[in-house]
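Source file work_7.txt; content: compact mmCIF, C-alpha atoms.
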```txt
# COMPACT_ATOMS: atom_id res chain seq x y z
CA MET A 1 86.17 -27.48 20.54
CA ILE A 2 89.87 -28.05 21.20
CA ARG A 3 92.43 -26.67 18.79
CA PRO A 4 94.69 -29.20 16.99
CA GLU A 5 97.91 -27.80 18.46
CA VAL A 6 96.46 -28.19 21.95
CA VAL A 7 95.60 -31.84 21.30
CA THR A 8 99.15 -32.41 20.04
CA ALA A 9 100.56 -30.77 23.17
CA LEU A 10 98.37 -32.97 25.36
CA LEU A 11 99.64 -36.10 23.63
CA HIS A 12 103.24 -34.92 23.86
CA HIS A 13 103.05 -34.30 27.61
CA ALA A 14 100.91 -37.31 28.51
CA ASP A 15 102.39 -39.35 31.33
CA SER A 16 101.08 -41.45 34.18
CA ALA A 17 98.54 -38.82 35.33
CA PRO A 18 95.42 -37.63 33.49
CA ILE A 19 95.55 -34.07 32.13
CA HIS A 20 92.44 -31.94 32.53
CA LEU A 21 92.05 -29.10 30.04
CA LEU A 22 89.80 -26.54 31.72
CA PRO A 23 88.42 -23.05 31.08
CA PRO A 24 89.36 -20.53 33.80
CA PRO A 25 86.20 -20.85 35.97
CA ASP A 26 86.50 -24.65 36.14
CA HIS A 27 90.27 -24.42 36.62
CA LEU A 28 89.65 -22.23 39.65
CA SER A 29 86.99 -24.57 41.04
CA THR A 30 89.45 -27.48 40.95
CA GLN A 31 91.92 -25.50 43.08
CA LEU A 32 89.20 -24.43 45.52
CA ARG A 33 87.79 -27.94 45.92
CA HIS A 34 91.11 -29.38 47.07
CA TYR A 35 90.16 -31.50 50.08
CA VAL A 36 92.82 -32.81 52.47
CA GLN A 37 92.42 -34.99 55.55
CA PRO A 38 95.91 -36.22 56.49
CA PRO A 39 97.33 -38.72 56.11
CA LEU A 40 95.10 -40.63 53.68
CA VAL A 41 92.79 -38.19 51.89
CA ASN A 42 94.17 -35.71 49.38
CA THR A 43 91.80 -35.13 46.50
CA SER A 44 89.92 -32.62 44.37
CA PHE A 45 87.24 -32.44 41.70
CA ALA A 46 87.89 -31.69 38.03
CA TRP A 47 85.55 -31.90 35.05
CA LEU A 48 86.17 -34.57 32.45
CA GLY A 49 83.99 -33.39 29.59
CA TYR A 50 85.81 -30.26 28.43
CA GLY A 51 88.96 -32.01 27.26
CA THR A 52 90.63 -34.57 29.48
CA LEU A 53 93.35 -36.95 28.37
CA VAL A 54 93.06 -40.26 30.23
CA ARG A 55 94.98 -43.41 29.41
CA ARG A 56 92.99 -46.55 28.64
CA GLU A 57 94.50 -48.30 31.66
CA GLN A 58 93.30 -45.49 33.93
CA ALA A 59 89.79 -45.72 32.51
CA LYS A 60 89.77 -49.47 33.17
CA GLU A 61 91.02 -48.94 36.72
CA PHE A 62 88.25 -46.41 37.32
CA LEU A 63 85.53 -48.74 36.04
CA THR A 64 86.85 -51.48 38.30
CA LEU A 65 86.86 -49.05 41.23
CA LEU A 66 83.23 -48.13 40.56
CA LYS A 67 82.26 -51.79 40.90
CA GLU A 68 84.09 -52.02 44.21
CA TYR A 69 82.17 -48.99 45.49
CA ASP A 70 78.91 -50.60 44.35
CA LEU A 71 77.37 -47.45 42.84
CA ASN A 72 73.70 -47.57 41.95
CA GLN A 73 72.41 -47.01 38.42
CA GLY A 74 71.80 -43.30 38.90
CA GLU A 75 75.29 -42.77 40.27
CA MET A 76 76.82 -44.76 37.41
CA ARG A 77 75.17 -42.44 34.90
CA MET A 78 76.94 -39.52 36.60
CA ALA A 79 80.24 -41.34 37.05
CA ASP A 80 82.23 -38.47 35.53
CA ASN A 81 81.61 -36.59 38.78
CA TYR A 82 83.37 -39.37 40.71
CA PHE A 83 86.56 -39.80 38.69
CA THR A 84 89.06 -37.35 40.19
CA ILE A 85 87.73 -37.52 43.75
CA LEU A 86 87.87 -41.32 43.97
CA ARG A 87 91.39 -41.33 42.46
CA ASN A 88 92.52 -39.56 45.66
CA ALA A 89 95.68 -38.29 43.96
CA GLY A 90 95.83 -34.69 45.16
CA VAL A 91 94.99 -31.78 42.87
CA PRO A 92 94.72 -33.17 39.32
CA THR A 93 97.04 -31.92 36.59
CA THR A 94 95.10 -29.05 35.03
CA TRP A 95 95.87 -26.81 32.06
CA PHE A 96 94.31 -23.42 31.45
CA ASP A 97 92.55 -23.20 28.09
CA ASP A 98 89.94 -20.87 26.61
CA GLY A 99 88.96 -23.26 23.84
CA VAL A 100 86.49 -22.55 21.06
CA GLU A 101 82.92 -22.45 22.33
CA LEU A 102 80.19 -24.18 20.36
CA GLY A 103 76.43 -23.93 20.74
CA GLY A 104 76.51 -20.32 21.85
CA GLY A 105 78.91 -21.06 24.69
CA GLN A 106 76.21 -22.51 26.93
CA PRO A 107 77.43 -25.11 29.44
CA PHE A 108 75.94 -28.61 29.48
CA THR A 109 74.64 -28.03 32.99
CA VAL A 110 72.24 -25.10 32.93
CA GLY A 111 70.23 -23.78 35.84
CA SER A 112 70.00 -24.58 39.52
CA GLU A 113 68.62 -28.09 38.96
CA GLY A 114 71.69 -29.19 37.00
CA ASN A 115 74.06 -27.58 39.49
CA GLU A 116 72.32 -29.25 42.42
CA ARG A 117 72.48 -32.63 40.67
CA ASN A 118 76.21 -32.30 40.07
CA TRP A 119 76.90 -31.19 43.62
CA ARG A 120 74.90 -34.12 44.94
CA HIS A 121 77.15 -36.56 43.11
CA ILE A 122 80.36 -34.67 43.90
CA GLU A 123 79.52 -34.79 47.60
CA ARG A 124 78.56 -38.46 47.26
CA ALA A 125 81.96 -39.23 45.72
CA LEU A 126 83.76 -37.63 48.66
CA GLU A 127 81.48 -39.45 51.10
CA LEU A 128 82.39 -42.78 49.50
CA LEU A 129 86.09 -41.95 49.64
CA LEU A 130 85.89 -41.09 53.34
CA LEU A 131 83.84 -44.19 54.22
CA LYS A 132 85.58 -46.88 52.19
CA SER A 133 89.01 -48.38 52.76
CA LEU A 134 91.67 -45.96 51.56
CA PRO A 135 94.99 -46.42 49.77
CA LYS A 136 98.38 -45.90 51.37
CA PRO A 137 99.40 -42.35 52.35
CA LEU A 138 100.30 -40.14 49.43
CA PRO A 139 103.74 -38.59 48.91
CA HIS A 140 104.24 -34.91 49.58
CA PRO A 141 103.68 -32.64 46.55
CA THR A 142 106.72 -31.62 44.54
CA GLU A 143 107.53 -28.24 43.03
CA THR A 144 106.30 -29.56 39.66
CA ASP A 145 102.89 -30.24 41.21
CA ARG A 146 102.61 -26.54 42.06
CA LEU A 147 103.18 -25.29 38.50
CA ALA A 148 100.42 -23.80 36.34
CA TYR A 149 100.21 -24.74 32.65
CA ALA A 150 98.71 -23.30 29.48
CA PRO A 151 99.11 -24.68 25.92
CA CYS A 152 100.26 -22.16 23.32
CA ILE A 153 97.97 -21.30 20.41
CA GLY A 154 99.26 -21.21 16.83
CA GLY A 155 102.45 -22.49 15.27
CA ARG A 156 104.21 -25.48 16.74
CA PRO A 157 102.62 -27.17 19.79
CA ALA A 158 104.13 -25.84 22.99
CA LEU A 159 103.32 -25.61 26.68
CA LEU A 160 104.03 -22.66 28.98
CA ALA A 161 104.51 -23.34 32.68
CA THR A 162 104.86 -20.93 35.58
CA ASN A 163 105.49 -21.12 39.31
CA ILE A 164 103.44 -17.98 39.92
CA ARG A 165 100.92 -18.67 42.67
CA PHE A 166 97.44 -17.45 41.78
CA ILE A 167 95.79 -18.35 45.08
CA PRO A 168 97.18 -19.15 48.54
CA GLU A 169 97.41 -22.60 50.06
CA PHE A 170 94.40 -23.28 52.28
CA SER A 171 94.35 -25.15 55.56
CA PRO A 172 92.75 -28.63 55.69
CA SER A 173 89.01 -28.53 56.28
CA SER A 174 87.13 -30.14 59.11
CA PRO A 175 85.83 -33.62 58.16
CA SER A 176 82.31 -32.48 58.99
CA VAL A 177 82.35 -29.63 56.45
CA ARG A 178 80.83 -30.28 53.03
CA LEU A 179 82.98 -29.68 49.95
CA ARG A 180 80.48 -27.14 48.68
CA THR A 181 80.88 -25.14 51.87
CA VAL A 182 84.67 -25.41 51.61
CA GLU A 183 84.62 -23.87 48.13
CA ALA A 184 82.25 -21.06 49.15
CA HIS A 185 84.42 -20.22 52.16
CA ARG A 186 87.57 -20.07 50.05
CA ILE A 187 85.91 -17.86 47.45
CA ALA A 188 84.99 -15.47 50.25
CA LEU A 189 88.59 -15.49 51.50
CA LEU A 190 89.93 -14.68 48.03
CA GLY A 191 87.49 -11.85 47.43
CA SER A 192 85.67 -10.87 44.27
CA SER A 193 88.63 -8.96 42.79
CA THR A 194 90.98 -11.97 42.90
CA VAL A 195 88.32 -14.30 41.50
CA GLU A 196 87.54 -11.85 38.68
CA THR A 197 91.22 -11.54 37.74
CA TYR A 198 91.68 -15.31 37.80
CA ILE A 199 88.75 -15.81 35.42
CA ASN A 200 88.94 -12.76 33.15
CA HIS A 201 92.74 -12.50 32.82
CA PRO A 202 93.80 -16.16 33.04
CA PHE A 203 97.23 -17.62 32.40
CA SER A 204 95.97 -18.97 29.04
CA HIS A 205 95.74 -15.35 27.80
CA ALA A 206 99.54 -15.19 27.92
CA VAL A 207 99.71 -17.69 25.04
CA ASP A 208 96.40 -17.24 23.16
CA GLY A 209 97.95 -15.33 20.24
CA LYS A 210 95.65 -12.32 20.70
CA ASP A 211 96.94 -8.78 21.13
CA GLU A 212 93.74 -7.52 22.73
CA THR A 213 93.82 -9.94 25.67
CA PHE A 214 96.40 -10.23 28.43
CA PHE A 215 97.33 -12.35 31.41
CA GLN A 216 97.25 -10.65 34.80
CA SER A 217 98.45 -12.27 38.00
CA THR A 218 96.34 -11.77 41.09
CA GLU A 219 97.92 -9.09 43.30
CA SER A 220 96.79 -10.50 46.61
CA VAL A 221 99.08 -13.56 46.62
```
As C-alpha cells, how would this structure be written, given the file I've shared?
Amino acid sequence: MIRPEVVTALLHHADSAPIHLLPPPDHLSTQLRHYVQPPLVNTSFAWLGYGTLVRREQAKEFLTLLKEYDLNQGEMRMADNYFTILRNAGVPTTWFDDGVELGGGQPFTVGSEGNERNWRHIERALELLLLKSLPKPLPHPTETDRLAYAPCIGGRPALLATNIRFIPEFSPSSPSVRLRTVEAHRIALLGSSTVETYINHPFSHAVDGKDETFFQSTESV
C-alpha cells in the first residue's frame, strides 16, 4: 500500500518520464540491471506493480510497441516485464520507498518457478530490443539523472534528493552476456556488506519519520 502523501508527491513531480516507486531490493536490482551497448542500447529493468506512475500516452505507446514486436499470447500476459527494457531510455526514474506491506509482506512472485518465469521474460525483452530496429542514439545522462530520490513520510508531501553515489558506475557488458549474469557479477563486485547496507539502511529511511531507523550510505563508494 502506498501512503497518500507519497501519491501526492508522485503526481506533483510527474513529468515526461515514468516514476517507479520501489522498495530497496528492487531499487538496487534496477541499478544493477543497467545494460549499455553504445551507441543505441541504454536500458534497464524496473518493476511496475509496486507503484509506478505512467502517463496514459506512455501506456498507449507501449501497447503499440508490443504490437510492432509481435509478442505471443504468453509474452503479452507478462508484458509488465517488457516495459522499461523496450523503452530503451537508460536507467528509469526510481524512488526509494518502504511502503506498507499487505498480505504478510509476501511478494507476488514466490519461489524459484516464479523467479525463473520473470527472468525468462526479462531476457526475452532484451533480446527483442537487441534484434529489432532501434531508435536514434540517446543523449548523455545529466547530473539530475544521477540523483537518488525518496518521498518524505508525514506532513506535507515532499521529496528528498541526493547526489550521494550508492554504487559505482559499471562498464558496459559484452553483448553475449545475459542480463542475469550481469547482475550476479555486479553483486559480487559490490560485496555482501554494500548490498546489505543498501537494502537494510536505504535512503528512504532518512525520511520515513521513524526514530529507530536510519539511512546509512555505503562506505565502499
field: Pick from A:Gly154, A:Trp47, A:Glu68, A:Asp80, whichever lies nearest to A:Thr8 using all atoms listed in the file
entry: A:Gly154
Per-axis box centre and lengths in Å around stretch 40-45 of chain A, 4 Å margin per side, axis-aligned, as JSON:
```
{"center_x": 91.2, "center_y": -36.5, "center_z": 47.7, "size_x": 15.9, "size_y": 16.2, "size_z": 20.0}
```
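Nearest to A:Leu53 of all the residues A:Leu21, A:Ile153, A:Leu131, A:Leu66 is A:Leu21, counting all atoms listed in the file.
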task: Would you mind telling me which residue in A:Gln37, A:Thr197, A:Asn115, A:Ser173 lies nearest to A:Phe215 when using all atoms listed in the file?
output: A:Thr197
query: What's the 12 Å shell around stretch 121-124 of chain A, counting all atoms listed in the file, without same-chain residues fewer than 6 positions away, as a VMD selection string?
result: chain A and resid 30 33 35 43 to 47 69 71 to 72 74 to 86 114 to 115 130 to 131 176 to 182
Close residues, A:Tyr198 itself excluded, 12 Å, all atoms listed in the file, min 3 positions apart in chain, as number ranges by chain: A: 23-29, 31, 96, 165-167, 187, 190-195, 201-205, 214-221
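Ranking A:Tyr149, A:Glu116, A:Arg156, A:Glu183 by their shortest atom-to-atom distance to A:Pro4, with all atoms listed in the file included, puts A:Arg156 first.
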- prompt: Expressed in Å to a single decimal, how great is the separation between atom CA of A:Leu189 and atom CA of A:Pro18?
  reply: 29.3 Å
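With distances restricted to all atoms listed in the file, A:Arg146 is the closest residue to A:Pro168 from A:Gln73, A:Gly49, A:Gln58, A:Arg146.
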